[in-house]
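To start, the structure itself, in structure tokens.
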Number of protein chains: 2
Amino acid sequence: MPYDPSAFPPFAVTVDLVVLTVRRHALCALAVRRGEPPFQGRWALPGGFVRADEDLAQAAARELAEETGLRVHDPSVPAQDNGAHLEQLATYGDPKRDPRMRVVSVAHLALAPDLPPPRAGGDASNARWAPVEELLQQGGYGRDTEPVAPLAFDHAQILADGVERARSKIEYSSLATAFCPPEFTVGELRRVYEAVWGVALDPRNFHRKVTGTPGFLVPTGGTTTRQGGRPAQLFRAGGATLLNPPMLRPEV
Amino acid sequence: MPYDPSAFPPFAVTVDLVVLTVRRHALCALAVRRGEPPFQGRWALPGGFVRADEDLAQAAARELAEETGLRVHDPSVPAQDNGAHLEQLATYGDPKRDPRMRVVSVAHLALAPDLPPPRAGGDASNARWAPVEELLQQGGYGRDTEPVAPLAFDHAQILADGVERARSKIEYSSLATAFCPPEFTVGELRRVYEAVWGVALDPRNFHRKVTGTPGFLVPTGGTTTRQGGRPAQLFRAGGATLLNPPMLRPEV
DNA sequence: GTGTTTATCGTCAAGCAGACGACTATGATC
DNA sequence: GATCATAGTCGTCTGCTTGACGATAAACAC
């Protein structure tokens with residue numbers, strides 16, 4: 001590949017973000033309303049162009065901060081922040097995915113604790129947390145029995161891939177704690193798994209599993225009754241990132 | 001993001017390939033020697049520019065065919081081809097990864113059965129299968145006690161990521177069969193796992209596991225003695241792609 | 001035949017998961 | 001203040017899977 005600028009076609013490179021959180025027992029994704037054509041007025045994933053001097057991860061972290069104010073969790077700093085987990089998801093480069101020009105989008109997956117409603121450019125009506133079911137059902141009806149237009153571009157595919165990544169990754173890693181506040185109870189963690197997988201888990205077996213896996217959870221000593229019922233121990237995420245044996249996702 | 005060509009910097013987009021195979025009980029990757037600067041004369045992963053009208057997967061499949069003659073296995077055709085498995089790996093876009101210009105590379109991972117030595121542009125000395133250990137040891141010595149220069153660009157990182165993906169993916173999928181010819185024995189499949197993981201597996205437990213997992217292997221009825229010893233049954237890859245429970249990689 | 005190699009079947013104990021009983025400690029309700 | 005509902009925590013039991021390993025089978029080399 002000789003260095004000849006005419007030898008390769010120019011591309012625009014963007015990052016798109018699948019930002020997931022758990023709200024009211026449902027897995028939700030951040031969606032923004034498009035202000036310009038194409039797909040004007042339709043919902044889309046947040047994202048933007050990669051700058052000339054920026055790494056892909058930097059660009060994703062910048063977009064995440066712009067859309068949500070979240071900072072990215074730095075693994076080198078021990079677990080006691082409110083930062084989000086951010087990882088590269090996949091890259092989408094169909095020649096026709098953007099009608100304007102050739103755009104390659106490097107999608108990233110972010111997992112965040114429950115947050116206040118987002119602001120996109122200060123306008124709340126242009127950004128929202130929406131249940132992923134709602135965003136993915138094509139041509140169906142949202143919770144207000146209002147017809148839902150499919151996401152712009154190939155963002156439905158990107159979102160579906162991100163959700164699948166999150167669903168599979170919490171099986172064998174401690175990533176589910178990224179959906180929780182810095183201190184959380186076993187029950188809260190269980191409700192994260194239930195929301196992401198869309199299943200009900202046995203509280204007793206779940207408790208045995210997560211407290212019995214070394215390095216997954218470390219007790220902080222405190223307790224809370226914020227979920228009602230008997231006070232529950234508070235935990236922080238332990239250092240372990242890989243769960244072995246994994247948490248088994250129930251069939252069907 | 002308004003459509004303003006001056007609003008975004010132009011990028012070159014390439015695909016790079018981590019092509020893995022198992023040769024002589026070792027996990028090997030395809031490496032090509034660079035003919036031009038930068039990194040002239042150094043080994044690198046095969047790859048090239050994505051064309052203007054080409055999808056990323058198409059570009060990767062084209063490069064794979066150009067370098068190895070391999071066609072990509074089409075999952076819609078039932079398992080009886082000699083095609084390779086191809087999947088997107090990750091995207092690398094550090095602003096300084098290519099000293100010439102801003103290049104974003106979408107790396108792909110290909111798994112192939114053992115092949116005749118490759119030809120890159122017809123010149124055998126410019127392409128070879130090399131054990132991944134050899135390609136990844138920085139500044140060490142190859143099997144000819146010849147000093148080995150690190151791979152060009154960030155290709156050592158890409159290769160390491162591809163190897164790790166392959167190592168983890170054969171745990172919970174039937175992907176190891178992509179390293180095997182269309183018909184293979186349990187022992188041959190076991191030697192694939194041993195080469196990829198770099199461990200020794202108990203032949204009896206391995207046999208029980210793979211033959212006991214529904215949909216993993218289907219017997220063809222034939223037998224072979226090409227490995228010596230008692231004749232072994234021949235199998236084809238079954239339709240199952242996900243192994244549940246997974247094949248457990250021994251610790252350490 | 002004897003030894004070597006590889007394949008294949010079987011046995012046993014330890015560990016883990018799923019189902020589920022029992023008890024505890026809160027707040028809410030009457 | 002007794003009762004109820006809610007959520008958390010500890011145990012038990014059973015079945016399945018794994019890892020370690022003995023034993024047998026069928027080829028080839030000498």
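By convention in this document, the chains of the structure tokens carry letters A, B, ... by their order, each chain's residues are numbered from 1, and ligands are numbered from 1 in the order they are shown.
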I want to know what sits within 6 Å of stretch 194-201 of chain A, based on only C-alpha atoms (C1' of nucleotides), with residues of the same chain fewer than 5 positions away left out; could you give that as a list in words?
His25, Ala26 and Leu27 of chain A
Generate the output file for the selected residues, N, CA, C and O atoms, as an mmCIF file, in the first residue's frame.
```cif
data_model
loop_
_atom_site.group_PDB
_atom_site.id
_atom_site.type_symbol
_atom_site.label_atom_id
_atom_site.label_comp_id
_atom_site.auth_asym_id
_atom_site.auth_seq_id
_atom_site.Cartn_x
_atom_site.Cartn_y
_atom_site.Cartn_z
ATOM 1 N N HIS A 25 -36.753 -1.172 36.847
ATOM 2 C CA HIS A 25 -36.747 -2.605 36.516
ATOM 3 C C HIS A 25 -36.712 -2.870 35.022
ATOM 4 O O HIS A 25 -37.086 -3.950 34.561
ATOM 5 N N ALA A 26 -36.292 -1.890 34.215
ATOM 6 C CA ALA A 26 -36.222 -2.120 32.767
ATOM 7 C C ALA A 26 -34.870 -1.661 32.252
ATOM 8 O O ALA A 26 -34.315 -0.661 32.724
ATOM 9 N N LEU A 27 -34.376 -2.395 31.283
ATOM 10 C CA LEU A 27 -33.134 -2.007 30.634
ATOM 11 C C LEU A 27 -33.443 -0.877 29.655
ATOM 12 O O LEU A 27 -34.259 -1.029 28.746
#
```
Within 7 Å of stretch 227-233 of chain A, counting only C-alpha atoms (C1' of nucleotides), which residues show up once you throw out same-chain ones fewer than 6 positions away? Write them as a PyMOL selection string, please.
(chain A and resi 185+221) or (chain C and resi 25-27) or (chain D and resi 6-8)
Would you write out those residues with C-alpha atoms (C1' of nucleotides), as a CSV table (one decimal), in the first residue's frame?
```csv
chain,number,residue,atom,x,y,z
A,185,THR,CA,-27.3,-4.5,48.0
A,221,GLY,CA,-20.2,-2.7,56.7
C,25,DA,C1',-35.7,-7.8,60.6
C,26,DT,C1',-37.7,-3.9,58.9
C,27,DG,C1',-42.0,-0.7,57.7
D,6,DT,C1',-41.8,-7.2,52.1
D,7,DA,C1',-37.1,-8.2,51.5
D,8,DG,C1',-32.9,-10.5,53.1
```
Please produce, as a Markdown table, a per-residue contact table for chain B versus chain D (criterion: any atom at most 12 Å away, only C-alpha atoms (C1' of nucleotides) considered), showing the nearest atom pair and its distance in Å to one decimal, sorted by chain then residue number.
```
| residue | atom | partner | partner_atom | distance |
| --- | --- | --- | --- | --- |
| B:Leu201 | CA | D:DG19 | C1' | 10.6 |
| B:Asp202 | CA | D:DG19 | C1' | 8.9 |
| B:Pro203 | CA | D:DC21 | C1' | 11.4 |
| B:Arg204 | CA | D:DC21 | C1' | 9.5 |
| B:Asn205 | CA | D:DG19 | C1' | 7.9 |
| B:Phe206 | CA | D:DT18 | C1' | 10.7 |
| B:Arg208 | CA | D:DT18 | C1' | 10.7 |
| B:Lys209 | CA | D:DT17 | C1' | 9.5 |
| B:Gly212 | CA | D:DT17 | C1' | 11.2 |
| B:Thr213 | CA | D:DT17 | C1' | 11.7 |
| B:Thr223 | CA | D:DA27 | C1' | 11.6 |
| B:Thr224 | CA | D:DA27 | C1' | 10.0 |
| B:Thr225 | CA | D:DA27 | C1' | 7.3 |
| B:Arg226 | CA | D:DA27 | C1' | 10.4 |
| B:Gln227 | CA | D:DA27 | C1' | 10.3 |
| B:Gly228 | CA | D:DA27 | C1' | 7.1 |
| B:Gly229 | CA | D:DA27 | C1' | 4.9 |
| B:Arg230 | CA | D:DA27 | C1' | 4.3 |
| B:Pro231 | CA | D:DA27 | C1' | 6.2 |
| B:Ala232 | CA | D:DA26 | C1' | 9.5 |
| B:Asn244 | CA | D:DT17 | C1' | 11.3 |
| B:Pro245 | CA | D:DT17 | C1' | 8.8 |
| B:Pro246 | CA | D:DT17 | C1' | 10.8 |
| B:Met247 | CA | D:DT18 | C1' | 10.5 |
| B:Leu248 | CA | D:DT18 | C1' | 9.2 |
| B:Arg249 | CA | D:DT18 | C1' | 11.9 |
| B:Pro250 | CA | D:DG19 | C1' | 10.3 |
```
Please list as a VMD selection string every residue within 12 Å of B:Gly41, counting only C-alpha atoms (C1' of nucleotides) and excluding residues in the same chain fewer than 4 positions away.
chain B and resid 31 to 37 125 to 127 148 to 152
Using only C-alpha atoms, what table do you get, as JSON lines, when you list each residue of chain A with an atom no more than 8 Å from chain B, its nearest pair of atoms, and their distance in Å rounded to one decimal, rows by chain then rising number?
```
{"residue": "A:Met1", "atom": "CA", "partner": "B:Gly48", "partner_atom": "CA", "distance": 7.0}
{"residue": "A:Pro2", "atom": "CA", "partner": "B:Glu36", "partner_atom": "CA", "distance": 6.8}
{"residue": "A:Tyr3", "atom": "CA", "partner": "B:Arg100", "partner_atom": "CA", "distance": 7.4}
{"residue": "A:Phe8", "atom": "CA", "partner": "B:Phe49", "partner_atom": "CA", "distance": 6.3}
{"residue": "A:Pro9", "atom": "CA", "partner": "B:Ala52", "partner_atom": "CA", "distance": 5.6}
{"residue": "A:Pro10", "atom": "CA", "partner": "B:Pro10", "partner_atom": "CA", "distance": 5.6}
{"residue": "A:Phe11", "atom": "CA", "partner": "B:Phe11", "partner_atom": "CA", "distance": 5.1}
{"residue": "A:Ala12", "atom": "CA", "partner": "B:Pro10", "partner_atom": "CA", "distance": 5.7}
{"residue": "A:Val13", "atom": "CA", "partner": "B:Phe11", "partner_atom": "CA", "distance": 6.8}
{"residue": "A:Glu36", "atom": "CA", "partner": "B:Pro2", "partner_atom": "CA", "distance": 6.9}
{"residue": "A:Gly48", "atom": "CA", "partner": "B:Met1", "partner_atom": "CA", "distance": 6.9}
{"residue": "A:Phe49", "atom": "CA", "partner": "B:Phe8", "partner_atom": "CA", "distance": 6.4}
{"residue": "A:Val50", "atom": "CA", "partner": "B:Phe8", "partner_atom": "CA", "distance": 7.6}
{"residue": "A:Arg51", "atom": "CA", "partner": "B:Pro9", "partner_atom": "CA", "distance": 6.6}
{"residue": "A:Ala52", "atom": "CA", "partner": "B:Pro9", "partner_atom": "CA", "distance": 5.7}
{"residue": "A:Asp53", "atom": "CA", "partner": "B:Pro95", "partner_atom": "CA", "distance": 5.8}
{"residue": "A:Glu54", "atom": "CA", "partner": "B:Pro95", "partner_atom": "CA", "distance": 6.3}
{"residue": "A:Asp55", "atom": "CA", "partner": "B:Asp94", "partner_atom": "CA", "distance": 4.8}
{"residue": "A:Leu56", "atom": "CA", "partner": "B:Gly93", "partner_atom": "CA", "distance": 5.8}
{"residue": "A:Gln88", "atom": "CA", "partner": "B:Ala90", "partner_atom": "CA", "distance": 7.5}
{"residue": "A:Leu89", "atom": "CA", "partner": "B:Ala90", "partner_atom": "CA", "distance": 7.9}
{"residue": "A:Ala90", "atom": "CA", "partner": "B:Ala90", "partner_atom": "CA", "distance": 6.4}
{"residue": "A:Thr91", "atom": "CA", "partner": "B:Thr91", "partner_atom": "CA", "distance": 6.9}
{"residue": "A:Tyr92", "atom": "CA", "partner": "B:Leu56", "partner_atom": "CA", "distance": 7.6}
{"residue": "A:Gly93", "atom": "CA", "partner": "B:Leu56", "partner_atom": "CA", "distance": 5.7}
{"residue": "A:Asp94", "atom": "CA", "partner": "B:Asp55", "partner_atom": "CA", "distance": 4.8}
{"residue": "A:Pro95", "atom": "CA", "partner": "B:Asp53", "partner_atom": "CA", "distance": 5.8}
{"residue": "A:Arg100", "atom": "CA", "partner": "B:Tyr3", "partner_atom": "CA", "distance": 7.3}
{"residue": "A:Arg102", "atom": "CA", "partner": "B:Ala52", "partner_atom": "CA", "distance": 7.7}
{"residue": "A:Val106", "atom": "CA", "partner": "B:Thr91", "partner_atom": "CA", "distance": 7.3}
```
Interface residues on chain C facing chain B, 8 Å, only C-alpha atoms (C1' of nucleotides), written as a list in words
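For chain C, the answer reads DT5, DT6, DA7 and DT8 of chain C.
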Can you spit out the residues from that selection as a short mmCIF file (atom, residue, chain, number, x, y, z; two decimals), in the first residue's frame, using all heavy atoms?
```cif
data_model
loop_
_atom_site.label_atom_id
_atom_site.label_comp_id
_atom_site.auth_asym_id
_atom_site.auth_seq_id
_atom_site.Cartn_x
_atom_site.Cartn_y
_atom_site.Cartn_z
P DT C 5 4.68 -44.70 21.97
OP1 DT C 5 5.71 -43.71 21.61
OP2 DT C 5 4.27 -44.94 23.38
"O5'" DT C 5 3.36 -44.39 21.14
"C5'" DT C 5 3.36 -44.52 19.73
"C4'" DT C 5 1.92 -44.48 19.23
"O4'" DT C 5 1.29 -45.76 19.49
"C3'" DT C 5 1.06 -43.44 19.92
"O3'" DT C 5 0.59 -42.50 18.96
"C2'" DT C 5 -0.09 -44.21 20.54
"C1'" DT C 5 -0.06 -45.53 19.79
N1 DT C 5 -0.55 -46.67 20.59
C2 DT C 5 -1.54 -47.47 20.08
O2 DT C 5 -2.05 -47.29 19.00
N3 DT C 5 -1.93 -48.50 20.90
C4 DT C 5 -1.43 -48.81 22.16
O4 DT C 5 -1.85 -49.75 22.79
C5 DT C 5 -0.39 -47.93 22.63
C7 DT C 5 0.22 -48.16 23.97
C6 DT C 5 0.01 -46.91 21.84
P DT C 6 -0.04 -41.10 19.44
OP1 DT C 6 0.32 -40.11 18.44
OP2 DT C 6 0.26 -40.91 20.87
"O5'" DT C 6 -1.61 -41.37 19.32
"C5'" DT C 6 -2.15 -41.73 18.06
"C4'" DT C 6 -3.50 -42.34 18.25
"O4'" DT C 6 -3.38 -43.56 19.02
"C3'" DT C 6 -4.49 -41.47 19.01
"O3'" DT C 6 -5.59 -41.18 18.17
"C2'" DT C 6 -4.91 -42.31 20.22
"C1'" DT C 6 -4.56 -43.72 19.76
N1 DT C 6 -4.29 -44.67 20.86
C2 DT C 6 -5.02 -45.83 20.91
O2 DT C 6 -5.87 -46.12 20.08
N3 DT C 6 -4.72 -46.64 21.96
C4 DT C 6 -3.78 -46.42 22.96
O4 DT C 6 -3.60 -47.23 23.85
C5 DT C 6 -3.05 -45.17 22.84
C7 DT C 6 -2.02 -44.83 23.87
C6 DT C 6 -3.34 -44.35 21.80
P DA C 7 -6.85 -40.33 18.63
OP1 DA C 7 -7.34 -39.61 17.45
OP2 DA C 7 -6.53 -39.61 19.87
"O5'" DA C 7 -7.89 -41.48 18.96
"C5'" DA C 7 -8.15 -42.47 17.98
"C4'" DA C 7 -9.21 -43.43 18.48
"O4'" DA C 7 -8.64 -44.29 19.50
"C3'" DA C 7 -10.45 -42.78 19.09
"O3'" DA C 7 -11.59 -43.41 18.57
"C2'" DA C 7 -10.27 -43.01 20.58
"C1'" DA C 7 -9.51 -44.31 20.61
N9 DA C 7 -8.66 -44.51 21.79
C8 DA C 7 -7.64 -43.70 22.21
N7 DA C 7 -7.03 -44.14 23.30
C5 DA C 7 -7.70 -45.31 23.61
C6 DA C 7 -7.54 -46.26 24.64
N6 DA C 7 -6.62 -46.16 25.59
N1 DA C 7 -8.37 -47.33 24.65
C2 DA C 7 -9.30 -47.43 23.67
N3 DA C 7 -9.54 -46.61 22.65
C4 DA C 7 -8.70 -45.56 22.68
P DT C 8 -13.02 -42.76 18.79
OP1 DT C 8 -13.86 -43.18 17.66
OP2 DT C 8 -12.85 -41.35 19.12
"O5'" DT C 8 -13.52 -43.54 20.08
"C5'" DT C 8 -13.67 -44.95 20.03
"C4'" DT C 8 -14.00 -45.49 21.40
"O4'" DT C 8 -12.83 -45.44 22.23
"C3'" DT C 8 -15.08 -44.73 22.16
"O3'" DT C 8 -16.22 -45.55 22.27
"C2'" DT C 8 -14.46 -44.42 23.52
"C1'" DT C 8 -13.28 -45.38 23.56
N1 DT C 8 -12.13 -44.95 24.39
C2 DT C 8 -11.70 -45.78 25.40
O2 DT C 8 -12.22 -46.84 25.65
N3 DT C 8 -10.65 -45.30 26.12
C4 DT C 8 -9.98 -44.09 25.93
O4 DT C 8 -9.04 -43.77 26.65
C5 DT C 8 -10.47 -43.28 24.86
C7 DT C 8 -9.82 -41.95 24.58
C6 DT C 8 -11.51 -43.73 24.15
#
```
What is the distance between atom CA of A:His108 and atom CA of A:Leu70, in Å to one decimal?
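Result for atom CA of A:His108 versus atom CA of A:Leu70: 14.4 Å, one decimal.
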Quick one: DSSP strand (DSSP E or B) residues in stretch 62-232 of chain A, as a PyMOL selection string?
chain A and resi 72+84-92+103-111+120+123+127-131+141+147+173+184+217-224+232
Shell around B:Pro113 at 12 Å using only C-alpha atoms (C1' of nucleotides), local window under 5 positions removed, as a VMD selection string:
chain B and resid 19 to 24 27 to 29 68 70 to 73 81 to 85 175 to 184 188 to 189 192
With N, CA, C and O atoms retained, could you export that selection as a short mmCIF file (atom, residue, chain, number, x, y, z; two decimals), in the first residue's frame?
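Writing done, so here's result-v2.cif:
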```
data_model
loop_
_atom_site.label_atom_id
_atom_site.label_comp_id
_atom_site.auth_asym_id
_atom_site.auth_seq_id
_atom_site.Cartn_x
_atom_site.Cartn_y
_atom_site.Cartn_z
N VAL B 19 -5.35 -14.04 10.72
CA VAL B 19 -5.73 -15.34 10.17
C VAL B 19 -5.01 -16.41 10.97
O VAL B 19 -3.79 -16.47 10.98
N LEU B 20 -5.79 -17.21 11.67
CA LEU B 20 -5.20 -18.22 12.55
C LEU B 20 -5.44 -19.61 12.00
O LEU B 20 -6.48 -19.90 11.40
N THR B 21 -4.49 -20.47 12.22
CA THR B 21 -4.64 -21.89 11.89
C THR B 21 -3.80 -22.68 12.86
O THR B 21 -3.02 -22.11 13.64
N VAL B 22 -3.99 -23.99 12.85
CA VAL B 22 -3.19 -24.86 13.72
C VAL B 22 -2.30 -25.71 12.83
O VAL B 22 -2.79 -26.45 11.98
N ARG B 23 -1.02 -25.55 12.99
CA ARG B 23 -0.03 -26.31 12.21
C ARG B 23 0.96 -26.95 13.17
O ARG B 23 1.53 -26.27 14.00
N ARG B 24 1.17 -28.23 12.99
CA ARG B 24 2.15 -28.95 13.82
C ARG B 24 1.95 -28.64 15.30
O ARG B 24 2.88 -28.23 16.00
N LEU B 27 -0.47 -22.94 17.37
CA LEU B 27 -1.35 -21.91 16.82
C LEU B 27 -0.51 -20.94 16.00
O LEU B 27 0.43 -20.33 16.53
N CYS B 28 -0.86 -20.81 14.73
CA CYS B 28 -0.06 -19.99 13.83
C CYS B 28 -0.92 -18.89 13.22
O CYS B 28 -2.13 -19.05 13.06
N ALA B 29 -0.25 -17.80 12.89
CA ALA B 29 -0.94 -16.68 12.25
C ALA B 29 -0.25 -16.37 10.94
O ALA B 29 0.96 -16.60 10.77
N THR B 68 -4.89 -15.82 0.78
CA THR B 68 -4.87 -17.26 1.06
C THR B 68 -5.65 -18.08 0.06
O THR B 68 -5.52 -19.31 0.04
N LEU B 70 -8.67 -18.53 0.39
CA LEU B 70 -9.79 -19.06 1.16
C LEU B 70 -11.07 -18.31 0.83
O LEU B 70 -11.07 -17.07 0.72
N ARG B 71 -12.14 -19.07 0.71
CA ARG B 71 -13.42 -18.42 0.68
C ARG B 71 -14.02 -18.45 2.08
O ARG B 71 -13.67 -19.31 2.90
N VAL B 72 -14.92 -17.55 2.32
CA VAL B 72 -15.50 -17.44 3.65
C VAL B 72 -16.68 -18.39 3.75
O VAL B 72 -17.49 -18.49 2.83
N HIS B 73 -16.71 -19.07 4.86
CA HIS B 73 -17.81 -19.99 5.14
C HIS B 73 -19.12 -19.22 5.24
O HIS B 73 -19.23 -18.26 5.99
N ASP B 81 -18.12 -27.34 3.85
CA ASP B 81 -17.24 -26.63 2.95
C ASP B 81 -15.87 -26.56 3.60
O ASP B 81 -15.66 -27.01 4.72
N ASN B 82 -14.96 -26.00 2.89
CA ASN B 82 -13.63 -25.82 3.43
C ASN B 82 -13.39 -24.34 3.71
O ASN B 82 -12.26 -23.89 3.80
N GLY B 83 -14.46 -23.61 3.83
CA GLY B 83 -14.34 -22.17 4.00
C GLY B 83 -13.87 -21.80 5.39
O GLY B 83 -13.89 -22.61 6.31
N ALA B 84 -13.42 -20.57 5.51
CA ALA B 84 -12.91 -20.10 6.79
C ALA B 84 -14.01 -19.39 7.55
O ALA B 84 -14.99 -18.91 6.98
N HIS B 85 -13.83 -19.31 8.85
CA HIS B 85 -14.70 -18.48 9.67
C HIS B 85 -14.13 -17.07 9.68
O HIS B 85 -12.92 -16.90 9.83
N LEU B 175 -16.59 -23.10 17.54
CA LEU B 175 -15.70 -22.49 16.58
C LEU B 175 -14.42 -23.28 16.35
O LEU B 175 -13.77 -23.12 15.29
N ALA B 176 -14.03 -24.11 17.28
CA ALA B 176 -12.80 -24.87 17.10
C ALA B 176 -12.87 -25.74 15.85
O ALA B 176 -11.84 -26.05 15.23
N THR B 177 -14.07 -26.11 15.44
CA THR B 177 -14.20 -26.92 14.24
C THR B 177 -13.77 -26.15 12.99
O THR B 177 -13.48 -26.77 11.97
N ALA B 178 -13.72 -24.82 13.07
CA ALA B 178 -13.26 -24.04 11.93
C ALA B 178 -11.78 -24.28 11.66
O ALA B 178 -11.30 -24.00 10.57
N PHE B 179 -11.06 -24.79 12.64
CA PHE B 179 -9.65 -25.12 12.45
C PHE B 179 -9.46 -26.50 11.83
O PHE B 179 -8.34 -26.89 11.53
N CYS B 180 -10.54 -27.26 11.73
CA CYS B 180 -10.45 -28.64 11.30
C CYS B 180 -10.89 -28.77 9.84
O CYS B 180 -11.68 -27.96 9.35
N PRO B 181 -10.42 -29.82 9.17
CA PRO B 181 -10.96 -30.11 7.85
C PRO B 181 -12.43 -30.50 7.97
O PRO B 181 -12.94 -30.69 9.08
N PRO B 182 -13.12 -30.62 6.84
CA PRO B 182 -14.56 -30.90 6.90
C PRO B 182 -14.89 -32.15 7.71
O PRO B 182 -15.90 -32.17 8.42
N GLU B 183 -14.06 -33.18 7.60
CA GLU B 183 -14.25 -34.36 8.44
C GLU B 183 -13.04 -34.50 9.34
O GLU B 183 -11.90 -34.37 8.88
N PHE B 184 -13.28 -34.79 10.58
CA PHE B 184 -12.18 -34.83 11.55
C PHE B 184 -12.55 -35.79 12.66
O PHE B 184 -13.71 -36.18 12.83
N GLU B 188 -8.34 -35.14 16.72
CA GLU B 188 -7.88 -33.96 15.98
C GLU B 188 -8.49 -32.68 16.57
O GLU B 188 -7.81 -31.66 16.71
N LEU B 189 -9.77 -32.76 16.93
CA LEU B 189 -10.39 -31.59 17.55
C LEU B 189 -9.74 -31.29 18.90
O LEU B 189 -9.52 -30.12 19.24
N VAL B 192 -6.63 -29.41 18.47
CA VAL B 192 -6.89 -27.99 18.20
C VAL B 192 -7.01 -27.23 19.51
O VAL B 192 -6.36 -26.20 19.72
#
```
Within stretch 44-202 of chain B, find each residue whose DSSP state, derived from the backbone, is alpha helix (DSSP H), and express the selection as a ChimeraX atom specification.
/B:56-68,132-136,155-172,186-197
Find the residues around B:Tyr172 up to 6 Å (only C-alpha atoms (C1' of nucleotides) counted), leave out those fewer than 2 positions away in its own chain, and share them as an mmCIF file with N, CA, C and O atoms, in the first residue's frame.
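And here's around.cif as it stands now:
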```
data_model
loop_
_atom_site.group_PDB
_atom_site.id
_atom_site.type_symbol
_atom_site.label_atom_id
_atom_site.label_comp_id
_atom_site.auth_asym_id
_atom_site.auth_seq_id
_atom_site.Cartn_x
_atom_site.Cartn_y
_atom_site.Cartn_z
ATOM 1 N N LYS B 169 -13.316 -17.806 22.645
ATOM 2 C CA LYS B 169 -14.532 -18.162 21.920
ATOM 3 C C LYS B 169 -14.696 -19.662 21.725
ATOM 4 O O LYS B 169 -15.819 -20.148 21.607
ATOM 5 N N ILE B 170 -13.592 -20.406 21.656
ATOM 6 C CA ILE B 170 -13.765 -21.845 21.513
ATOM 7 C C ILE B 170 -14.263 -22.474 22.803
ATOM 8 O O ILE B 170 -14.673 -23.629 22.807
ATOM 9 N N LEU B 242 -23.514 -22.596 19.870
ATOM 10 C CA LEU B 242 -23.228 -22.272 21.265
ATOM 11 C C LEU B 242 -23.179 -23.546 22.089
ATOM 12 O O LEU B 242 -24.091 -24.372 22.025
ATOM 13 N N LEU B 243 -22.124 -23.689 22.852
ATOM 14 C CA LEU B 243 -21.975 -24.855 23.707
ATOM 15 C C LEU B 243 -22.458 -24.515 25.108
ATOM 16 O O LEU B 243 -21.978 -23.581 25.725
ATOM 17 N N PRO B 246 -20.313 -24.688 28.634
ATOM 18 C CA PRO B 246 -19.123 -24.491 27.809
ATOM 19 C C PRO B 246 -18.038 -25.510 28.114
ATOM 20 O O PRO B 246 -18.089 -26.229 29.106
#
```
Atomic distance atom CA of B:Phe235 - atom CA of B:Arg191, expressed in Å with one decimal:
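Here the two named atoms are 14.8 Å from each other.
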